[in-house]
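Some notes on the structure that comes next.
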Amino acid sequence: MKPDFLKMALILGLLSCVGPFAIDMYLPAMPAMAEDFGVPAAMSQYTLISFFIAFGVCQLFYGPAADMFGRKRPLYFGLVLFLFASIGCALAPTIEWLIGMRFVQGVGAASVMSIPRAIIRDRYTGTEATRLMTTVMLVISISPMLAPLAGSLLMAPFGWPSVFYAVAAATVVSLLLIRFALPETLPAVNRVPLKLRAMFDAFKVLFRDSTFMGMTLIGGMGMASFFSFLSIAAFLYTDYYGLTPTQFSLAFALNALGFFVASQFAANLCERFGGVAVVKWAVTGFSLAAALNLMLNLAGIDDFVVLVVLLLIANAFLGLVVPTTMVLSLDDHGPIAGTAAALGGTMQMMLGAVAIGIVSAVFDGSPLTLVAAIATCGGIAALLFMFTLRQSPHSMAT
C-alpha cells in the first residue's frame, strides 16, 4: 500500500472511532450507572437510544453540509460539540441529564460517521474504495476490542465519569488530526451550492435507486444486529452469566475479532468475485449462523461458549457485509457522495435505534431475546438482498 493510502486510512479510522468509543467504552459502566442513579436498567439503556437517534438523524445535515462547505468545516463543528457534550456527560447529576447530554453527543458524533465515507468516495471508487474502507474498518475494530476493557479499567479506580473524560481527551486528538494531517478532499469548485432544492433532489435520486436503498438496508440489518447486542450485552453477560466487568470486556472484544479479521479480506474477495457475490455469500453465512444460534437456544442448549462462538461467526460475515455494502451504495453517486453517505448512515442508525428500543423493551434477562433479534436481522437481510438483486440486476452485475 502507498504511504498516502495508509495515512488516509489511519486518520479516517481514528476519526471514525470517536463515535464507537462513546458507545463501547461505557458499556461496562451501564449497570453501575443505573445503580448509582437509583434507576432501573431500562433507564440506562435510554442513554444508548438517545445517542443513536441523534447520531442517525443529524447525519442528514452533515452530509449536505459536507457537500456545500467541504469536508473539514462540518467535522470541526461536530467534534467541538461532541467535546463539550462529553464533559457534560461526566458531570451529569441525574440520569435525565445524562440522557440529554448523550443526545448532544450523538449530534456531534454524527459528523464522523458520514463524512469519512464521503472522503473515501472523493479519492477512490470500486475495489480501491473497498480496500480503503476495510483498512479504515481495521482501525475502527480497535474500538470494540479495546474500548470496553479500557472503560472497565478506568471505572474501577475513578468511577464511570472518567470514561467520558477519556472520550473528551480522544476528541481533542481528533481535532488536531483534522487541523494538521487531514487534507480537504472536496475542492471549492466541486461544492454544491447551499440550496434546499438541491438537497431534496439528491434525496429523491437516492430513494429511487434500488441498489442504494437495498445495500443501505442490508448493511442496516447488520448494524441493527450489533446494536441489539450493545443494548443488553452488559446486563446479559454480568447478571445472567455472572461475568465481571473486565470479563465482559474481554468477551465483547472476542465478538469483535471475527468482524475485524474478516473485513480485511473484503477488498481481495470483491476484486476476485465482485462485490455483489461477496454480499450474497456473506449475508447467507450471517443469517445461517444467527438462525443456528436461535435454534440451539430454543432446543434448550444454553451454553455461554456456544453463544459467543456463533456470535463470533456471525460477526465475521458482517465484516464482509458492512464495508462492501457501503461501497456499493455510494459507487454511482460521486457528485452527491456526502448526502448519500449521510442518508445511508441515518437510515442505518435509525434501524439500530429501533432495534435497541424493541430489544430493551422485551428483554427478560435470558439470551433468547438477543439470539432471536439477531436471527431476525439475518433473515431480513437475506430477503432484502434477493429483492435488491431482482429489482436492479444490471447495476449489480459487477
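As shown in the C-alpha cells, the chain order sets the letters A, B, ...; within each chain, residues go from 1, and ligands are also counted from 1 in the order they appear.
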Inset, instruction - From stretch 111-276 of chain A, collect each residue whose DSSP state is helix (DSSP H, G or I) and return the set as a PyMOL selection string. - result: chain A and resi 111-123+126-140+142-158+161-180+188-190+196-208+210-240+245-263+266-273+275-276
Legend entry - Selected residue, from A:Asp364, A:Asp331, A:Asp239, A:Glu271, that lies nearest to A:Pro28 when counting only C-alpha atoms: A:Asp239
Inset, instruction - Find the spatial neighbours of A:Ala337, counting only C-alpha atoms, within a cut-off of 7 Å - ignore same-chain residues fewer than 4 positions away - and output them as JSON, numbers by chain. - result: {"A": [118, 121, 330, 333, 341]}
Once you have the residues from the selection above, write them out as a CSV table (one decimal), in the first residue's frame, restricted to all heavy atoms.
chain,number,residue,atom,x,y,z
A,118,ALA,N,-17.7,9.9,2.7
A,118,ALA,CA,-17.6,10.8,1.6
A,118,ALA,C,-16.2,11.1,1.2
A,118,ALA,O,-15.9,11.2,0.0
A,118,ALA,CB,-18.4,12.1,1.9
A,121,ARG,N,-15.0,8.3,-0.9
A,121,ARG,CA,-15.5,8.4,-2.2
A,121,ARG,C,-14.9,9.5,-3.0
A,121,ARG,O,-14.7,9.4,-4.3
A,121,ARG,CB,-17.0,8.6,-2.1
A,121,ARG,CG,-17.7,8.7,-3.5
A,121,ARG,CD,-17.5,7.4,-4.4
A,121,ARG,NE,-18.0,7.5,-5.7
A,121,ARG,CZ,-17.5,8.2,-6.7
A,121,ARG,NH1,-16.4,8.9,-6.5
A,121,ARG,NH2,-18.1,8.3,-7.9
A,330,LEU,N,-22.6,3.7,-2.6
A,330,LEU,CA,-22.1,5.0,-3.0
A,330,LEU,C,-21.5,5.1,-4.4
A,330,LEU,O,-21.3,6.2,-4.9
A,330,LEU,CB,-21.0,5.5,-2.0
A,330,LEU,CG,-21.4,5.7,-0.5
A,330,LEU,CD1,-20.3,6.1,0.3
A,330,LEU,CD2,-22.6,6.7,-0.4
A,333,HIS,N,-22.8,7.5,-7.0
A,333,HIS,CA,-23.3,8.8,-6.5
A,333,HIS,C,-22.1,9.7,-6.1
A,333,HIS,O,-22.2,10.4,-5.1
A,333,HIS,CB,-24.3,8.6,-5.4
A,333,HIS,CG,-25.5,7.8,-5.8
A,333,HIS,ND1,-26.5,8.3,-6.6
A,333,HIS,CD2,-25.8,6.5,-5.4
A,333,HIS,CE1,-27.4,7.4,-6.8
A,333,HIS,NE2,-27.0,6.3,-6.1
A,341,ALA,N,-23.9,9.3,1.7
A,341,ALA,CA,-23.3,8.7,2.9
A,341,ALA,C,-24.2,9.1,4.1
A,341,ALA,O,-24.4,8.3,5.0
A,341,ALA,CB,-21.9,9.2,3.1
Legend entry - 10 Å contact set for stretch 246-255 of chain A, only C-alpha atoms, chain neighbours under 3 positions out, as number ranges by chain: A: 24-25, 27-28, 141-153, 156, 226, 229-230, 233-238, 241-243, 258-260, 305, 308-316
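The list of residues with at least one atom within 8 Å of stretch 381-389 of chain A, based on only C-alpha atoms and without residues fewer than 4 positions apart in the same chain, reads Ser210, Thr211, Gly214, Met215, Leu217, Ile218, Gly219, Met221, Gly222, Lys280, Val283, Thr284, Ser287, Cys377, Pro393 and Met396 of chain A.
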Deliver the residues from the most recent selection as a file, using N, CA, C and O atoms, as a CSV table (one decimal), in the first residue's frame.
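Saved file out.csv follows:
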chain,number,residue,atom,x,y,z
A,210,SER,N,-32.8,1.6,-6.3
A,210,SER,CA,-33.0,0.4,-5.6
A,210,SER,C,-31.7,-0.2,-5.1
A,210,SER,O,-31.6,-0.9,-4.0
A,211,THR,N,-30.6,0.0,-5.8
A,211,THR,CA,-29.3,-0.5,-5.4
A,211,THR,C,-28.8,0.2,-4.1
A,211,THR,O,-28.4,-0.4,-3.1
A,214,GLY,N,-31.3,-0.8,-1.3
A,214,GLY,CA,-31.1,-2.2,-0.9
A,214,GLY,C,-29.8,-2.4,-0.1
A,214,GLY,O,-29.8,-3.1,1.0
A,215,MET,N,-28.7,-1.9,-0.6
A,215,MET,CA,-27.4,-2.1,0.1
A,215,MET,C,-27.4,-1.4,1.4
A,215,MET,O,-26.8,-1.9,2.4
A,217,LEU,N,-29.9,-0.8,3.4
A,217,LEU,CA,-30.8,-1.5,4.4
A,217,LEU,C,-30.2,-2.9,4.8
A,217,LEU,O,-30.3,-3.3,5.9
A,218,ILE,N,-29.5,-3.5,3.8
A,218,ILE,CA,-28.8,-4.8,4.2
A,218,ILE,C,-27.7,-4.5,5.2
A,218,ILE,O,-27.6,-5.1,6.3
A,219,GLY,N,-26.9,-3.4,5.0
A,219,GLY,CA,-25.9,-3.0,6.0
A,219,GLY,C,-26.6,-2.6,7.3
A,219,GLY,O,-26.1,-2.8,8.4
A,221,MET,N,-29.3,-3.8,8.6
A,221,MET,CA,-29.7,-5.0,9.3
A,221,MET,C,-28.4,-5.5,10.1
A,221,MET,O,-28.6,-6.0,11.2
A,222,GLY,N,-27.3,-5.4,9.5
A,222,GLY,CA,-26.1,-5.8,10.3
A,222,GLY,C,-25.8,-4.8,11.4
A,222,GLY,O,-25.5,-5.3,12.6
A,280,LYS,N,-23.7,-11.5,-1.2
A,280,LYS,CA,-24.6,-12.6,-1.3
A,280,LYS,C,-24.2,-13.7,-0.3
A,280,LYS,O,-25.0,-14.2,0.5
A,283,VAL,N,-24.1,-12.5,3.5
A,283,VAL,CA,-25.4,-12.4,4.1
A,283,VAL,C,-26.0,-13.8,4.4
A,283,VAL,O,-26.6,-14.0,5.4
A,284,THR,N,-25.7,-14.7,3.5
A,284,THR,CA,-26.1,-16.1,3.7
A,284,THR,C,-25.5,-16.7,4.9
A,284,THR,O,-26.1,-17.3,5.8
A,287,SER,N,-26.9,-15.0,8.2
A,287,SER,CA,-28.3,-15.4,8.5
A,287,SER,C,-28.3,-16.9,9.0
A,287,SER,O,-29.0,-17.2,9.9
A,377,CYS,N,-32.7,-10.1,12.2
A,377,CYS,CA,-31.9,-9.3,11.4
A,377,CYS,C,-31.3,-10.0,10.2
A,377,CYS,O,-31.3,-9.5,9.1
A,393,PRO,N,-30.8,-5.9,-11.4
A,393,PRO,CA,-29.8,-6.9,-11.8
A,393,PRO,C,-28.7,-6.4,-12.6
A,393,PRO,O,-27.6,-6.8,-12.6
A,396,MET,N,-26.1,-4.2,-10.6
A,396,MET,CA,-25.4,-5.0,-9.6
A,396,MET,C,-24.7,-6.1,-10.2
A,396,MET,O,-24.2,-7.1,-9.6
Legend entry - Of the listed residues A:Leu320, A:Val163, A:Ala375, A:Met199, that which approaches A:Leu288 most closely, counting only C-alpha atoms: A:Ala375
Near stretch 166-169 of chain A, counting only C-alpha atoms, which residues have an atom at most 9 Å away, once you skip same-chain residues fewer than 3 positions from it, shown as a PDB file with N, CA and C atoms, in the first residue's frame?
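What follows is the written file around-v9.pdb:
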ATOM      1  N   VAL A  18     -14.306   7.794  17.093  1.00  0.00           N
ATOM      2  CA  VAL A  18     -14.835   8.671  18.139  1.00  0.00           C
ATOM      3  C   VAL A  18     -16.233   8.240  18.558  1.00  0.00           C
ATOM      4  N   PHE A  21     -16.229   4.709  20.266  1.00  0.00           N
ATOM      5  CA  PHE A  21     -15.655   4.794  21.605  1.00  0.00           C
ATOM      6  C   PHE A  21     -16.677   5.351  22.595  1.00  0.00           C
ATOM      7  N   ALA A  22     -17.485   6.315  22.127  1.00  0.00           N
ATOM      8  CA  ALA A  22     -18.503   6.892  23.004  1.00  0.00           C
ATOM      9  C   ALA A  22     -19.584   5.869  23.345  1.00  0.00           C
ATOM     10  N   MET A  25     -17.030   2.214  25.125  1.00  0.00           N
ATOM     11  CA  MET A  25     -16.195   2.408  26.302  1.00  0.00           C
ATOM     12  C   MET A  25     -17.008   2.433  27.597  1.00  0.00           C
ATOM     13  N   PHE A  82     -19.245  17.624  20.283  1.00  0.00           N
ATOM     14  CA  PHE A  82     -19.063  16.334  20.945  1.00  0.00           C
ATOM     15  C   PHE A  82     -18.168  16.472  22.182  1.00  0.00           C
ATOM     16  N   LEU A  83     -17.138  17.294  22.081  1.00  0.00           N
ATOM     17  CA  LEU A  83     -16.209  17.504  23.199  1.00  0.00           C
ATOM     18  C   LEU A  83     -16.939  18.074  24.413  1.00  0.00           C
ATOM     19  N   PHE A  84     -17.714  19.130  24.205  1.00  0.00           N
ATOM     20  CA  PHE A  84     -18.417  19.746  25.332  1.00  0.00           C
ATOM     21  C   PHE A  84     -19.509  18.831  25.894  1.00  0.00           C
ATOM     22  N   ALA A  85     -20.166  18.077  25.015  1.00  0.00           N
ATOM     23  CA  ALA A  85     -21.195  17.142  25.491  1.00  0.00           C
ATOM     24  C   ALA A  85     -20.580  16.019  26.321  1.00  0.00           C
ATOM     25  N   SER A  86     -19.385  15.571  25.958  1.00  0.00           N
ATOM     26  CA  SER A  86     -18.712  14.516  26.732  1.00  0.00           C
ATOM     27  C   SER A  86     -18.416  14.982  28.150  1.00  0.00           C
ATOM     28  N   ILE A  87     -17.964  16.232  28.282  1.00  0.00           N
ATOM     29  CA  ILE A  87     -17.721  16.794  29.616  1.00  0.00           C
ATOM     30  C   ILE A  87     -19.041  16.910  30.373  1.00  0.00           C
ATOM     31  N   GLY A 151     -12.605   1.046  29.382  1.00  0.00           N
ATOM     32  CA  GLY A 151     -13.649   1.614  30.227  1.00  0.00           C
ATOM     33  C   GLY A 151     -13.726   0.942  31.584  1.00  0.00           C
ATOM     34  N   LEU A 154     -10.708   1.989  33.723  1.00  0.00           N
ATOM     35  CA  LEU A 154     -10.859   3.355  34.237  1.00  0.00           C
ATOM     36  C   LEU A 154     -11.924   3.426  35.334  1.00  0.00           C
ATOM     37  N   PRO A 161     -17.699   8.401  35.504  1.00  0.00           N
ATOM     38  CA  PRO A 161     -17.466   9.679  34.800  1.00  0.00           C
ATOM     39  C   PRO A 161     -16.116   9.751  34.096  1.00  0.00           C
ATOM     40  N   SER A 162     -15.127   8.995  34.590  1.00  0.00           N
ATOM     41  CA  SER A 162     -13.795   9.042  33.973  1.00  0.00           C
ATOM     42  C   SER A 162     -13.835   8.559  32.521  1.00  0.00           C
ATOM     43  N   VAL A 163     -14.800   7.702  32.206  1.00  0.00           N
ATOM     44  CA  VAL A 163     -14.931   7.207  30.834  1.00  0.00           C
ATOM     45  C   VAL A 163     -15.200   8.369  29.879  1.00  0.00           C
ATOM     46  N   VAL A 172     -10.073  15.740  21.485  1.00  0.00           N
ATOM     47  CA  VAL A 172      -9.052  16.778  21.273  1.00  0.00           C
ATOM     48  C   VAL A 172      -8.004  16.278  20.281  1.00  0.00           C
ATOM     49  N   VAL A 173      -7.590  15.026  20.419  1.00  0.00           N
ATOM     50  CA  VAL A 173      -6.631  14.436  19.487  1.00  0.00           C
ATOM     51  C   VAL A 173      -7.204  14.428  18.069  1.00  0.00           C
ATOM     52  N   SER A 174      -8.494  14.093  17.943  1.00  0.00           N
ATOM     53  CA  SER A 174      -9.138  14.062  16.627  1.00  0.00           C
ATOM     54  C   SER A 174      -9.145  15.441  15.978  1.00  0.00           C
TER      55      SER A 174
END
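Candidate residues A:Gly344, A:Gly78, A:Gly159, A:Pro20 were compared for distance to A:Ala90, and the nearest is A:Gly159, using only C-alpha atoms.
Going from atom CA of A:Met326 over to atom CA of A:Thr216, you cover 6.9 Å.
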Inset, instruction - Mind giving me the straight-line distance from atom CA of A:Val39 to atom CA of A:Ala92 in Å, one decimal? - result: 14.3 Å
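Taking atom CA of A:Phe286 and atom CA of A:Gly19 as endpoints, the distance between them is 24.6 Å.
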Inset, instruction - Name the closest residue to A:Val205 among the candidates A:Gly352, A:Gly108, A:Pro335, A:Gly56; distances are taken between atoms, counting only C-alpha atoms. - result: A:Pro335
